[in-house]
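Engineer: Input structure: work.txt, which contains compact mmCIF, C-alpha atoms.
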# COMPACT_ATOMS: atom_id res chain seq x y z
CA MET W 807 99.20 102.89 76.20
CA ALA W 808 96.75 105.74 75.80
CA GLU W 809 96.94 108.10 78.74
CA ARG W 810 93.81 109.39 80.38
CA ALA W 811 92.87 112.64 78.66
CA GLY W 812 89.31 112.73 79.98
CA VAL W 813 86.68 110.28 81.06
CA SER W 814 84.49 108.90 78.31
CA ASP W 815 81.09 107.30 78.83
CA THR W 816 82.70 103.88 78.58
CA PHE W 817 85.73 104.55 80.78
CA PRO W 818 85.80 101.43 82.98
CA PHE W 819 87.64 102.96 85.95
CA SER W 820 86.05 104.90 88.79
CA GLU W 821 87.59 107.34 91.24
CA ALA W 822 87.11 104.61 93.84
CA ASP W 823 89.57 102.43 91.90
CA PHE W 824 92.28 105.07 92.12
CA GLN W 825 91.37 105.88 95.72
CA ARG W 826 91.87 102.26 96.74
CA VAL W 827 95.39 102.35 95.34
CA GLU W 828 96.12 105.55 97.25
CA ASP W 829 94.63 104.12 100.46
CA GLU W 830 96.65 100.90 100.22
CA GLU W 831 99.82 102.91 99.69
CA LYS W 832 99.18 104.95 102.84
CA VAL W 833 98.46 102.13 105.28
CA ASP W 834 100.67 101.61 108.32
CA MET W 835 102.37 98.32 107.48
CA ALA W 836 103.05 97.62 111.17
CA VAL W 837 99.41 97.65 112.26
CA GLU W 838 97.43 96.70 109.18
CA GLY W 839 98.19 92.99 109.13
CA TRP W 840 101.06 93.03 106.62
CA THR W 841 103.84 90.43 106.74
CA ARG W 842 107.15 90.89 104.94
CA VAL W 843 107.78 87.73 102.93
CA LYS W 844 110.82 88.58 100.80
CA GLN W 845 113.56 91.18 100.70
CA SER W 846 116.40 91.74 98.28
CA GLU W 847 118.58 94.63 97.17
CA LEU W 848 115.97 95.72 94.63
CA ALA W 849 112.64 94.59 96.04
CA GLU W 850 110.82 94.35 99.36
CA ILE W 851 107.64 92.27 99.20
CA TRP W 852 104.79 92.17 101.71
CA ARG W 853 101.63 90.08 101.98
CA LYS W 854 98.29 90.70 103.70
CA VAL W 855 95.20 88.62 104.25
CA THR W 856 92.15 90.60 103.10
CA ALA W 857 88.87 90.08 104.92
CA GLY W 858 86.35 88.22 102.78
CA VAL W 859 88.86 87.47 100.01
CA ALA W 860 90.69 84.14 99.79
CA VAL W 861 93.56 85.63 97.78
CA HIS W 862 96.37 87.48 99.51
CA LEU W 863 97.10 91.12 98.66
CA ILE W 864 100.73 91.61 97.65
CA LYS W 865 102.59 94.89 97.97
CA ALA W 866 106.10 95.29 96.56
CA PHE W 867 108.49 98.22 96.84
CA VAL W 868 110.81 98.04 93.84
CA LYS W 869 113.93 100.04 93.01
CA LEU W 870 114.96 100.64 89.41
CA PRO W 871 118.45 102.17 89.55
CA GLY W 872 119.49 103.93 86.37
CA VAL W 873 115.99 103.78 84.88
CA SER W 874 114.29 107.18 84.83
CA VAL W 875 110.61 107.73 85.53
CA GLU W 876 109.79 108.32 81.86
CA GLU W 877 111.76 105.25 80.79
CA THR W 878 110.02 103.14 83.43
CA ILE W 879 106.58 104.28 82.28
CA THR W 880 107.48 103.55 78.66
CA LEU W 881 108.89 100.10 79.40
CA LEU W 882 105.82 99.17 81.43
CA THR W 883 103.14 100.49 79.09
CA ASP W 884 104.53 100.10 75.56
CA LEU W 885 103.37 96.58 74.78
CA ASP W 886 105.91 96.05 72.01
CA LEU W 887 108.70 96.82 74.47
CA ARG W 888 107.03 94.89 77.28
CA ARG W 889 107.15 91.74 75.17
CA GLN W 890 110.91 92.14 74.80
CA TRP W 891 111.74 92.00 78.50
CA ASP W 892 108.77 90.62 80.46
CA LYS W 893 109.15 86.88 79.91
CA GLN W 894 106.69 85.85 82.61
CA PHE W 895 104.09 86.18 79.83
CA TYR W 896 104.24 84.22 76.59
CA ALA W 897 101.48 86.39 75.12
CA ILE W 898 100.88 90.11 75.56
CA GLU W 899 98.29 91.26 73.03
CA LEU W 900 96.43 94.50 72.47
CA VAL W 901 92.78 93.52 72.12
CA GLU W 902 91.32 97.00 71.63
CA GLU W 903 92.48 100.57 72.18
CA PHE W 904 90.44 103.59 73.19
CA GLU W 905 91.35 107.21 73.83
CA ASP W 906 91.89 106.76 77.55
CA TYR W 907 92.41 103.03 78.11
CA GLN W 908 93.30 99.74 76.48
CA VAL W 909 92.04 96.17 76.66
CA VAL W 910 95.02 93.81 76.96
CA TYR W 911 95.32 90.01 76.93
CA TRP W 912 98.06 88.36 79.01
CA ALA W 913 99.00 84.66 79.15
CA SER W 914 101.55 82.88 81.36
CA LYS W 915 103.18 79.49 81.02
CA LEU W 916 103.17 77.48 84.25
CA PRO W 917 105.20 74.38 85.17
CA ALA W 918 104.35 70.89 83.94
CA LEU W 919 101.07 69.44 85.24
CA CYS W 920 99.72 72.97 85.83
CA SER W 921 97.33 74.60 83.39
CA ASP W 922 98.53 77.86 81.89
CA ARG W 923 96.83 81.02 83.11
CA ASP W 924 95.58 84.04 81.18
CA ALA W 925 93.78 87.29 81.91
CA VAL W 926 92.02 90.13 80.12
CA GLN W 927 92.42 93.57 81.64
CA TYR W 928 91.40 97.16 81.17
CA CYS W 929 94.58 99.22 81.49
CA THR W 930 94.99 102.97 81.93
CA VAL W 931 97.58 105.55 83.01
CA ARG W 932 97.05 108.57 85.25
CA ARG W 933 99.81 111.17 85.55
CA GLU W 934 100.05 113.49 88.54
CA ALA W 935 102.71 115.94 89.65
CA ASP W 936 104.56 113.54 91.94
CA LYS W 937 103.58 110.13 90.60
CA THR W 938 102.15 108.13 87.72
CA THR W 939 99.64 105.36 88.37
CA ILE W 940 99.35 102.45 85.94
CA LEU W 941 96.09 100.76 86.84
CA SER W 942 94.51 97.57 85.51
CA LYS W 943 91.26 95.82 86.35
CA ASN W 944 89.42 92.70 85.34
CA ALA W 945 87.82 92.78 81.89
CA THR W 946 85.90 90.71 79.40
CA HIS W 947 85.96 91.18 75.65
CA PRO W 948 84.40 89.24 72.75
CA LYS W 949 87.74 89.22 70.93
CA ALA W 950 89.45 87.51 73.88
CA PRO W 951 87.21 84.63 74.98
CA PRO W 952 88.41 81.90 77.35
CA LYS W 953 90.68 79.33 75.71
CA LYS W 954 90.63 75.57 76.00
CA ASN W 955 93.09 74.22 78.60
CA VAL W 956 93.97 77.72 79.81
CA ILE W 957 92.47 78.96 83.07
CA ARG W 958 91.22 82.55 83.11
CA CYS W 959 92.43 84.50 86.16
CA GLU W 960 90.46 87.23 87.89
CA THR W 961 92.16 90.54 88.61
CA ILE W 962 91.08 91.95 91.97
CA LEU W 963 93.72 94.68 92.15
CA ASP W 964 96.65 95.44 89.84
CA ALA W 965 98.44 98.76 90.12
CA MET W 966 101.93 100.19 89.74
CA VAL W 967 102.77 103.63 91.08
CA VAL W 968 105.91 105.15 89.56
CA ARG W 969 107.91 107.85 91.33
CA GLN W 970 111.34 109.40 90.98
CA ASP W 971 113.93 108.08 93.39
CA GLU W 972 114.61 110.94 95.79
CA SER W 973 118.33 110.15 95.86
CA ASP W 974 118.83 110.00 92.08
CA PRO W 975 116.88 111.87 89.38
CA ASN W 976 117.94 109.23 86.84
CA SER W 977 116.39 106.38 88.84
CA SER W 978 112.84 105.47 89.73
CA LYS W 979 110.94 103.41 92.25
CA LEU W 980 107.67 101.50 92.09
CA THR W 981 104.97 100.52 94.49
CA VAL W 982 103.30 97.41 93.09
CA LEU W 983 99.89 96.28 94.38
CA MET W 984 98.71 92.91 93.15
CA GLN W 985 95.76 90.71 94.08
CA THR W 986 94.93 88.04 91.52
CA ASP W 987 92.72 85.00 91.85
CA LEU W 988 94.61 82.35 89.88
CA LYS W 989 91.56 80.04 89.96
CA GLY W 990 91.79 76.28 90.19
CA TRP W 991 94.36 74.29 92.17
CA LEU W 992 98.07 75.09 92.07
CA PRO W 993 101.00 73.78 94.14
CA ALA W 994 102.17 76.16 96.86
CA PHE W 995 105.53 76.75 95.17
CA VAL W 996 103.79 77.93 91.99
CA VAL W 997 101.50 80.28 93.90
CA ASN W 998 104.51 81.65 95.77
CA TYR W 999 106.40 82.24 92.54
CA VAL W 1000 103.54 83.99 90.78
CA THR W 1001 102.63 86.17 93.75
CA ILE W 1002 105.85 86.63 95.74
CA ASP W 1003 108.96 85.78 93.71
CA ALA W 1004 107.82 87.23 90.39
CA PRO W 1005 108.10 90.97 91.28
CA ALA W 1006 111.78 90.61 92.23
CA SER W 1007 112.56 88.59 89.09
CA TRP W 1008 110.50 90.96 86.99
CA CYS W 1009 112.37 94.10 88.09
CA LYS W 1010 115.72 92.43 87.36
CA SER W 1011 114.52 91.66 83.83
CA LEU W 1012 113.44 95.26 83.27
CA ILE W 1013 116.75 96.66 84.55
CA LYS W 1014 118.77 94.22 82.44
CA TYR W 1015 116.80 95.01 79.28
CA HIS W 1016 117.17 98.76 79.93
CA ARG W 1017 120.93 98.46 80.52
CA ASP W 1018 121.80 96.04 77.72
CA ILE W 1019 119.39 97.08 74.96
CA TYR W 1020 117.00 99.96 75.52
CA SER W 1021 119.44 102.60 76.76
CA LYS W 1022 121.84 101.82 73.91
CA GLN W 1023 119.09 102.07 71.32
CA THR W 1024 117.89 105.43 72.66
CA ARG W 1025 121.43 106.84 72.65
CA GLN W 1026 121.80 105.90 68.96
CA ARG W 1027 118.66 107.77 67.89
Starting from the file, lay out its structure as structure tokens.
Structural biologist:
Amino acid sequence: MAERAGVSDTFPFSEADFQRVEDEEKVDMAVEGWTRVKQSELAEIWRKVTAGVAVHLIKAFVKLPGVSVEETITLLTDLDLRRQWDKQFYAIELVEEFEDYQVVYWASKLPALCSDRDAVQYCTVRREADKTTILSKNATHPKAPPKKNVIRCETILDAMVVRQDESDPNSSKLTVLMQTDLKGWLPAFVVNYVTIDAPASWCKSLIKYHRDIYSKQTRQR
């Protein structure tokens, strides 16, 4: 993914987009209406009802032991690598690339009797001294029109903030912020999987791919 080297006239992100991510990271979870809905060794997942929005905001704190910050950024943003380990999507396609952002198409297979979902997003990366923010927002593009029998989701907020784990320079941690309108009707268990269970499953897939394949390939180079 192209990293932000300067804002072009068509750059689809505003400072308000990045500020919202920073603000949501700083909130006091005890007093801001957050409810912890899942906890495991690698992930702690919280949910909040947002005023005026029917879709819950999800925040996940994810640990990636043994995966460095640079490796994490690469595995999240290199679409060729992302396809290898992120099996929640059956399609991850680069629609168009610019100097400071990309347009990406994502599609997910849902259980029987549920229509598949897809999304088109603008995606960018901002590096700072103590963190890297991977930010995506809702997009449209003539090369990625809606498809028959697939429901187009709306991205309200989608961000991952990558930091080094303070206890181990070879490990990283993520704050994931996700608010997606899946559109249409879905059974509660499907909504829960997509919004709550997926981050924990997703981080296990990344760690396994890094351990079994990626780290071995990089050592051989």
Engineer: Counting only C-alpha atoms, which residue out of W:Leu881, W:Met966, W:Ile1019, W:Ala918 sits closest to Val996 in chain W?
Structural biologist: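 For Val996 in chain W, the nearest of the candidates is W:Ala918.
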Engineer: Between W:Thr1001, W:Ser846, W:Ser914, W:Thr938, which has the minimum distance to Asp892 in chain W (counting all atoms listed in the file)?
Structural biologist: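 For Asp892 in chain W, the nearest of the candidates is W:Ser914.
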Engineer: When you count all atoms listed in the file, which of these residues is closest to Ile851 in chain W: W:Gln890, W:Asn998, W:Thr930, W:Ser977?
Structural biologist: W:Asn998
Engineer: For CA of Thr961 in chain W and CA of Val909 in chain W, determine how far apart the two atoms are, in Å to one decimal place.
Structural biologist: 13.2 Å
Engineer: Find the residues around Gln908 in chain W up to 10 Å (all atoms listed in the file counted), leave out those fewer than 3 positions away in its own chain, and share them as a PyMOL selection string.
Structural biologist: chain W and resi 807-809+817+900-905+911+927-931+942
Engineer: Which polymer residues have any atom within 12 Å of an atom of Thr880 in chain W, counting all atoms listed in the file, with same-chain residues fewer than 5 positions away left out, as a list of chain:residue names?
Structural biologist: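 Contacts, with the query itself left out: W:Met807, W:Ala808, W:Glu809, W:Val873, W:Ser874, W:Val875, W:Leu885, W:Asp886, W:Leu887, W:Arg888, W:Val931, W:Thr938, W:Ile940, W:Val968, W:Leu1012, W:His1016, W:Tyr1020.
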Engineer: Pull C-alpha atoms from the residues just selected and write them as a short mmCIF file (atom, residue, chain, number, x, y, z; two decimals), in the coordinates of the input.
Structural biologist:
data_model
loop_
_atom_site.label_atom_id
_atom_site.label_comp_id
_atom_site.auth_asym_id
_atom_site.auth_seq_id
_atom_site.Cartn_x
_atom_site.Cartn_y
_atom_site.Cartn_z
CA MET W 807 99.20 102.89 76.20
CA ALA W 808 96.75 105.74 75.80
CA GLU W 809 96.94 108.10 78.74
CA VAL W 873 115.99 103.78 84.88
CA SER W 874 114.29 107.18 84.83
CA VAL W 875 110.61 107.73 85.53
CA LEU W 885 103.37 96.58 74.78
CA ASP W 886 105.91 96.05 72.01
CA LEU W 887 108.70 96.82 74.47
CA ARG W 888 107.03 94.89 77.28
CA VAL W 931 97.58 105.55 83.01
CA THR W 938 102.15 108.13 87.72
CA ILE W 940 99.35 102.45 85.94
CA VAL W 968 105.91 105.15 89.56
CA LEU W 1012 113.44 95.26 83.27
CA HIS W 1016 117.17 98.76 79.93
CA TYR W 1020 117.00 99.96 75.52
#
Engineer: Quick one: of W:Cys959, W:Val967, W:Leu916, W:Ala925, who's nearest to Thr878 in chain W, counting all atoms listed in the file?
Structural biologist: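 Among the listed residues, the smallest separation from Thr878 in chain W belongs to W:Val967.
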Engineer: Please give the centre and size of the box around range 906-909 of chain W (axis-aligned, containing every atom listed in the file, 8 Å added per side), with values in Å to one decimal and written as JSON.
Structural biologist:
{"center_x": 92.6, "center_y": 101.5, "center_z": 77.3, "size_x": 17.4, "size_y": 26.6, "size_z": 17.6}
Engineer: Counting only C-alpha atoms, which of W:Glu899, W:Asp1003, W:Glu831, W:Glu877 gets nearest to Ala965 in chain W?
Structural biologist: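 Among the listed residues, W:Glu831 lies closest to Ala965 in chain W.
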Engineer: Considering all atoms listed in the file, return as number ranges by chain whatever protein or nucleic-acid residues lie within 10 Å of Gly990 in chain W, sequence-local ones (same chain, fewer than 5 positions apart) excluded.
Structural biologist: W: 920-921, 923, 957-959
Engineer: Please identify all polymer residues within 9 Å of Leu980 in chain W, counting all atoms listed in the file, omitting same-chain residues fewer than 4 positions from it, and present them as a list in words.
Structural biologist: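 Answer for this query is Ala866, Phe867, Val868, Lys869, Leu870, Met966, Val967, Val968, Arg969 and Gln970 of chain W.
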Engineer: One number please: CA of Pro951 in chain W to CA of Asp924 in chain W, in Å, one decimal.
Structural biologist: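 Answer for the CA of Pro951 in chain W to CA of Asp924 in chain W separation: 10.4 Å.
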Engineer: Mind giving me the straight-line distance from CA of Thr856 in chain W to CA of Val843 in chain W in Å, one decimal?
Structural biologist: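 Separation between CA of Thr856 in chain W and CA of Val843 in chain W: 15.9 Å.
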Engineer: Counting only C-alpha atoms, which residue out of W:Glu876, W:Leu983, W:Val910, W:Asp922 sits closest to Tyr896 in chain W?
Structural biologist: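 Of the candidates, the smallest distance to Tyr896 in chain W is held by W:Asp922.
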Engineer: Just want the 8 Å neighbourhood of Gly872 in chain W, counted on only C-alpha atoms, with same-chain residues fewer than 5 positions away dropped. Output as a PyMOL selection string.
Structural biologist: chain W and resi 976-978+1013
